[in-house]
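Single-structure report; data block below.
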Amino acid sequence: MRLPRNMFYGWWIAIISASVDSLKHGTFNKGFTSYIIPLRNELGIGVAAISFAEMLGRMEGGLQGPFMGWATDRFGPRVILMFGGITSGLGFILLSFTQNYLYFICVFVGLLSLGFRAGYNNATMPAINQWFRRNRGLAMGLAGMGTAIGGTTIAPLMGFLVLSAGWRPAAFISGVIIIAVVIPMSFLIRRDPESMGLRPDGDSIPDDEVDIAEILGGEDEGGHGDRHGAAILHAGEPDFMASEAMRTPTYWMLVLAVGMRNTVHSGTTFLMVPLAVWFLMGSGRTEDASQPIAVGFIGVMSFSLLLMTPIVGWLGDRWSKNKLSSACMIGGALSLLMLVQDTGNIWQLVAFVVLLAFSETANPLAWAIMGDYFGRRSYATLRGWQHLPDQLMSMSTPVWMGLIFEHTDSYKWALIPLVIIYCLAAVFYWIIPNPRTPARVRAYRAESHIE
């Protein structure tokens with residue numbers, strides 16, 4: 001595939017990222033919620049039992065996070081994206097042959113969750129962080145539009161395919177499409193702009209940077225020569241090794257804020273259709289009548305996210321990303337309050353999905369914040385280590401939400417603690433401090449008279 005040469009290649013990286021992310025969210029993150037009620041009915045298991053597979057998948061994602069982050073920095077995003085595409089596609093194909101709960105657990109955790117949580121964002125976000133500096137928030141916002149595109153188009157289509165043709169054909173078709181699209185696109189990913197004779201944002205490389213590279217030298221924590229450090233320091237961008245970043249309060253406060261956001265996200269996304277069905281049944285609708293409405297509202301939420309994500313990303317390059325993320329968390333808390341009383345009013349469901357979409361725009365902002373604070377050297381490794389506490393914090397949310405529903409026939413007492421968690425995330429985003437520049441970098445800048 002040949003791409004036009006008159007546009008900075010970094011924007012193509014963002015477009016490719018949005019494309020593969022749309023498949024990830026359309027079929028899995030936002031699409032799999034449509035499978036829950038049919039799986040429950042066919043396999044004769046509860047929502048909590050299905051959510052247990054998601055909990056195991058998140059645990060797996062957390063445990064593999066540090067390794068996948070290291071692997072992305074070591075082997076490049078192309079290999080990681082290809083691995084994710086093959087594994088997740090094969091997972092959906094094999095899911096269509098599910099006959100019992102044990103088989104479902106093995107395929108969901110061993111292939112689906114592994115592929116989606118090992119590849120995709122673990123590959124594309126580090127690539128975008130390498131390609132952008134001034135426009136990092138906008139670029140990650142554009143890539144984050146894949147979440148909205150997948151939820152607006154693919155997730156509702158798959159949801160209605162599940163309702164009309166059955167969940168098995170829907171799963172098989174999803175797997176074939178993923179393999180056919182993600183694998184070719186992975187060949188278009190480039191590790192960094194320096195590999196194409198460019199600088200982040202399309203700037204040309206100054207002639208003196210080769211000499212600066214020799215002066216700075218050094219190796220990354222894997223023992224590999226660092227060819228990014230000179231350009232980063234010359235541009236005044238932060239340059240943290242993973243160990244240096246992980247010794248700062250900044251890193252762990254960001255991890256905690258993102259972890260709390262994902263604690264809510266993991267439950268509301270995985271159980272969105274059952275949650276919406278419960279709310280709609282509060283006005284006297286039947287479960288069968290409520291399911292198509294709930295599936296349709298996934299599209300409403302994702303369309304809202306499609307409109308808001310690039311705007312919030314653009315604003316993040318001009319205002320405080322931290323404070324903007326805090327505002328998103330308040331929006332998320334308000335969204336959940338709309339459902340606490342299951343009145344079944346459509347206007348409340350509209351407010352819920354729109355405000356929840358606003359809260360979701362904080363996701364690409366978080367990855368831009370990490371790049372702004374710690375630079376490009378060990379970005380994927382830092383994201384990988386972030387996944388471990390993040391997934392451990394968020395993995396149980398769908399399970400305990402399902403258990404509360406099964407014991408009370410209501411999600412009310414599951415929503416209230418999630419509102420509190422969103423508010424705590426807002427506080428932590430607001431107070432994250434700037435990290436102190438590593439002594440190694442301060443010494444080099446002082447010696448070289450670099451501001």
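The chains in the structure tokens are called A, B, ... from first to last as shown; in each chain the residues are counted from 1, and the ligands are counted from 1 in the order shown.
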Determine, for each residue of segment 398-420 of chain A having at least one atom at most 8 Å from an atom of segment 335-348 of chain A, the closest pair of atoms and their separation in Å to one decimal, counting only C-alpha atoms; order by chain and ascending number, as a Markdown table.
| residue | atom | partner | partner_atom | distance |
| --- | --- | --- | --- | --- |
| A:Tyr411 | CA | A:Val340 | CA | 7.6 |
| A:Lys412 | CA | A:Val340 | CA | 5.0 |
| A:Leu415 | CA | A:Leu336 | CA | 6.3 |
| A:Ile416 | CA | A:Val340 | CA | 7.4 |
| A:Leu418 | CA | A:Leu336 | CA | 7.8 |
| A:Val419 | CA | A:Leu336 | CA | 6.4 |
Each residue of segment 331-421 of chain A with at least one atom at most 10 Å from segment 131-143 of chain A should appear once, together with its nearest atom pair and the corresponding distance in Å (one decimal); atoms considered: only C-alpha atoms; ordering: chain, then increasing residue number; output as a Markdown table.
| residue | atom | partner | partner_atom | distance |
| --- | --- | --- | --- | --- |
| A:Thr361 | CA | A:Gly141 | CA | 7.8 |
| A:Ala362 | CA | A:Gly141 | CA | 9.3 |
| A:Asn363 | CA | A:Gly141 | CA | 8.8 |
| A:Pro364 | CA | A:Met140 | CA | 5.4 |
| A:Leu365 | CA | A:Gly137 | CA | 6.3 |
| A:Ala366 | CA | A:Gly137 | CA | 9.2 |
| A:Trp367 | CA | A:Met140 | CA | 7.6 |
| A:Ala368 | CA | A:Gly137 | CA | 5.5 |
| A:Ile369 | CA | A:Gly137 | CA | 8.2 |
| A:Gly371 | CA | A:Arg136 | CA | 8.1 |
| A:Asp372 | CA | A:Arg133 | CA | 7.7 |
| A:Gly375 | CA | A:Arg133 | CA | 8.8 |
| A:Arg376 | CA | A:Trp131 | CA | 9.3 |
ask   = Within 8 Å of Ile421 of chain A, counting only C-alpha atoms, which residues qualify if same-chain residues fewer than 2 places away don't, as a PyMOL selection string?
value = chain A and resi 260-261+263-264+417-419+423-425
- Counting only C-alpha atoms, the option among A:Leu63, A:Leu256, A:Met272, A:Ile432 closest to Thr33 of chain A: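 Of A:Leu63, A:Leu256, A:Met272, A:Ile432, the one nearest Thr33 of chain A is A:Met272, counting only C-alpha atoms.
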Worksheet item: Taking only C-alpha atoms into account, which of A:Leu306, A:Met59, A:Leu90, A:Ala148 comes nearest Ser396 of chain A?
Response: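 Ranking A:Leu306, A:Met59, A:Leu90, A:Ala148 by distance to Ser396 of chain A, first place goes to A:Met59.
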Quick one, how far is atom CA of His25 of chain A from atom CA of Thr152 of chain A?
->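 Taking atom CA of His25 of chain A as the start and atom CA of Thr152 of chain A as the end point, the length is 9.8 Å.
Minimum distance to Ser51 of chain A across A:Trp430, A:Pro156, A:Pro193, A:Met401 (counting only C-alpha atoms) occurs at A:Met401.
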What's the 12 Å shell around Arg191 of chain A, counting only C-alpha atoms, without same-chain residues fewer than 4 positions away, as a VMD selection string? chain A and resid 9 to 10 13 72 to 81 123 to 131 186 to 187 195 to 196 198 200 228 376 380
Emit the selected residues as a CSV table (one decimal), in the first residue's frame, including N, CA and C atoms.
chain,number,residue,atom,x,y,z
A,9,TYR,N,4.3,11.9,8.0
A,9,TYR,CA,3.9,10.5,8.2
A,9,TYR,C,3.4,10.2,9.6
A,10,GLY,N,3.7,11.1,10.6
A,10,GLY,CA,3.1,10.9,11.9
A,10,GLY,C,1.6,10.9,11.9
A,13,ILE,N,0.4,7.6,11.0
A,13,ILE,CA,0.5,6.7,12.2
A,13,ILE,C,-0.8,6.8,13.0
A,72,THR,N,7.9,-3.7,23.3
A,72,THR,CA,7.6,-2.7,22.3
A,72,THR,C,8.8,-1.8,22.1
A,73,ASP,N,9.4,-1.4,23.3
A,73,ASP,CA,10.6,-0.5,23.2
A,73,ASP,C,11.8,-1.3,22.5
A,74,ARG,N,11.8,-2.6,22.7
A,74,ARG,CA,12.9,-3.4,22.2
A,74,ARG,C,12.7,-3.8,20.7
A,75,PHE,N,11.5,-4.3,20.3
A,75,PHE,CA,11.3,-4.8,19.0
A,75,PHE,C,10.5,-3.9,18.1
A,76,GLY,N,9.9,-2.8,18.6
A,76,GLY,CA,9.1,-1.9,17.8
A,76,GLY,C,7.7,-2.2,17.8
A,77,PRO,N,6.8,-1.2,17.5
A,77,PRO,CA,5.4,-1.4,17.6
A,77,PRO,C,4.8,-2.3,16.5
A,78,ARG,N,5.5,-2.4,15.3
A,78,ARG,CA,5.0,-3.2,14.2
A,78,ARG,C,4.8,-4.7,14.7
A,79,VAL,N,5.8,-5.2,15.3
A,79,VAL,CA,5.8,-6.7,15.7
A,79,VAL,C,4.6,-6.9,16.7
A,80,ILE,N,4.5,-5.9,17.7
A,80,ILE,CA,3.5,-6.1,18.7
A,80,ILE,C,2.1,-6.0,18.2
A,81,LEU,N,1.9,-5.0,17.2
A,81,LEU,CA,0.6,-4.9,16.6
A,81,LEU,C,0.2,-6.1,15.9
A,123,ALA,N,1.1,-0.9,21.1
A,123,ALA,CA,1.9,-0.6,20.0
A,123,ALA,C,1.7,0.8,19.4
A,124,THR,N,0.5,1.2,19.3
A,124,THR,CA,0.2,2.4,18.6
A,124,THR,C,0.5,3.7,19.4
A,125,MET,N,0.1,3.7,20.7
A,125,MET,CA,0.4,4.9,21.5
A,125,MET,C,1.9,5.2,21.7
A,126,PRO,N,2.7,4.2,21.9
A,126,PRO,CA,4.2,4.5,21.9
A,126,PRO,C,4.7,5.0,20.6
A,127,ALA,N,4.1,4.5,19.5
A,127,ALA,CA,4.5,5.0,18.2
A,127,ALA,C,4.2,6.5,18.0
A,128,ILE,N,2.9,6.8,18.4
A,128,ILE,CA,2.5,8.2,18.3
A,128,ILE,C,3.3,9.1,19.2
A,129,ASN,N,3.6,8.6,20.4
A,129,ASN,CA,4.5,9.4,21.3
A,129,ASN,C,5.8,9.7,20.7
A,130,GLN,N,6.4,8.8,19.9
A,130,GLN,CA,7.6,9.0,19.3
A,130,GLN,C,7.5,10.1,18.2
A,131,TRP,N,6.4,10.1,17.5
A,131,TRP,CA,6.2,10.9,16.3
A,131,TRP,C,5.8,12.4,16.6
A,186,SER,N,-0.3,-3.3,10.0
A,186,SER,CA,0.9,-3.3,10.9
A,186,SER,C,2.2,-3.1,10.1
A,187,PHE,N,2.2,-3.4,8.8
A,187,PHE,CA,3.4,-3.2,8.0
A,187,PHE,C,3.6,-1.7,7.7
A,195,SER,N,13.8,7.4,12.0
A,195,SER,CA,14.0,6.3,11.0
A,195,SER,C,13.7,6.8,9.6
A,196,MET,N,13.0,7.9,9.5
A,196,MET,CA,12.7,8.5,8.1
A,196,MET,C,13.4,9.8,7.9
A,198,LEU,N,13.4,12.4,10.0
A,198,LEU,CA,12.6,13.5,10.5
A,198,LEU,C,12.7,13.7,12.0
A,200,PRO,N,10.2,14.8,15.5
A,200,PRO,CA,8.7,14.9,15.9
A,200,PRO,C,8.1,16.1,15.3
A,228,HIS,N,17.6,8.2,20.6
A,228,HIS,CA,16.6,9.2,20.7
A,228,HIS,C,17.1,10.4,21.6
A,376,ARG,N,10.4,10.3,25.4
A,376,ARG,CA,10.2,9.3,24.5
A,376,ARG,C,11.1,8.0,24.7
A,380,ALA,N,7.1,3.2,26.2
A,380,ALA,CA,6.4,1.9,26.2
A,380,ALA,C,6.6,1.1,27.4
Which residues come within 9 Å of Arg117 of chain A, counting only C-alpha atoms, excluding same-chain residues fewer than 6 positions away, as a PDB file with N, CA and C atoms, in the first residue's frame?
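Result written to out_27.pdb:
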ATOM      1  N   GLY A  57      -8.939 -11.818  32.368  1.00  0.00           N
ATOM      2  CA  GLY A  57      -8.282 -11.165  31.239  1.00  0.00           C
ATOM      3  C   GLY A  57      -7.560  -9.902  31.649  1.00  0.00           C
ATOM      4  N   ARG A  58      -8.175  -9.124  32.528  1.00  0.00           N
ATOM      5  CA  ARG A  58      -7.518  -7.915  33.011  1.00  0.00           C
ATOM      6  C   ARG A  58      -6.313  -8.252  33.890  1.00  0.00           C
ATOM      7  N   GLU A  60      -4.462 -10.874  33.536  1.00  0.00           N
ATOM      8  CA  GLU A  60      -3.456 -11.266  32.549  1.00  0.00           C
ATOM      9  C   GLU A  60      -2.830 -10.034  31.904  1.00  0.00           C
ATOM     10  N   GLY A  61      -3.675  -9.055  31.534  1.00  0.00           N
ATOM     11  CA  GLY A  61      -3.163  -7.843  30.918  1.00  0.00           C
ATOM     12  C   GLY A  61      -2.219  -7.087  31.829  1.00  0.00           C
ATOM     13  N   GLY A  62      -2.535  -7.060  33.128  1.00  0.00           N
ATOM     14  CA  GLY A  62      -1.651  -6.393  34.071  1.00  0.00           C
ATOM     15  C   GLY A  62      -0.323  -7.110  34.227  1.00  0.00           C
ATOM     16  N   GLN A  64       1.158  -9.115  32.118  1.00  0.00           N
ATOM     17  CA  GLN A  64       1.972  -9.101  30.898  1.00  0.00           C
ATOM     18  C   GLN A  64       2.412  -7.688  30.528  1.00  0.00           C
ATOM     19  N   GLY A  65       1.801  -6.666  31.175  1.00  0.00           N
ATOM     20  CA  GLY A  65       2.073  -5.280  30.803  1.00  0.00           C
ATOM     21  C   GLY A  65       3.539  -4.898  30.809  1.00  0.00           C
ATOM     22  N   GLY A  84      -0.843  -8.888  18.225  1.00  0.00           N
ATOM     23  CA  GLY A  84      -2.177  -8.640  18.752  1.00  0.00           C
ATOM     24  C   GLY A  84      -3.269  -8.957  17.749  1.00  0.00           C
TER      25      GLY A  84
END
Notebook entry, point to check: Where does DSSP see helix (DSSP H, G or I) in segment 218-424 of chain A, if you list the residues as an MDAnalysis selection string?
Noted result: chainID A and resid 229:234 242:245 249:270 272:281 287:316 321:337 346:360 362:374 379:394 397:408 412:424
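In this comparison, which uses only C-alpha atoms, the residue of A:Met395, A:Ile298, A:Ile293, A:Ala276 approaching Ala155 of chain A most closely is A:Ile298.
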Residue with the minimum atom-to-atom distance to Tyr101 of chain A, picked from A:Glu406, A:Met241, A:Asn122, A:Arg40 with only C-alpha atoms counted, is A:Arg40
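Pairwise distance (atom CA of Val162 of chain A, atom CA of Trp413 of chain A) equals 29.4 Å.
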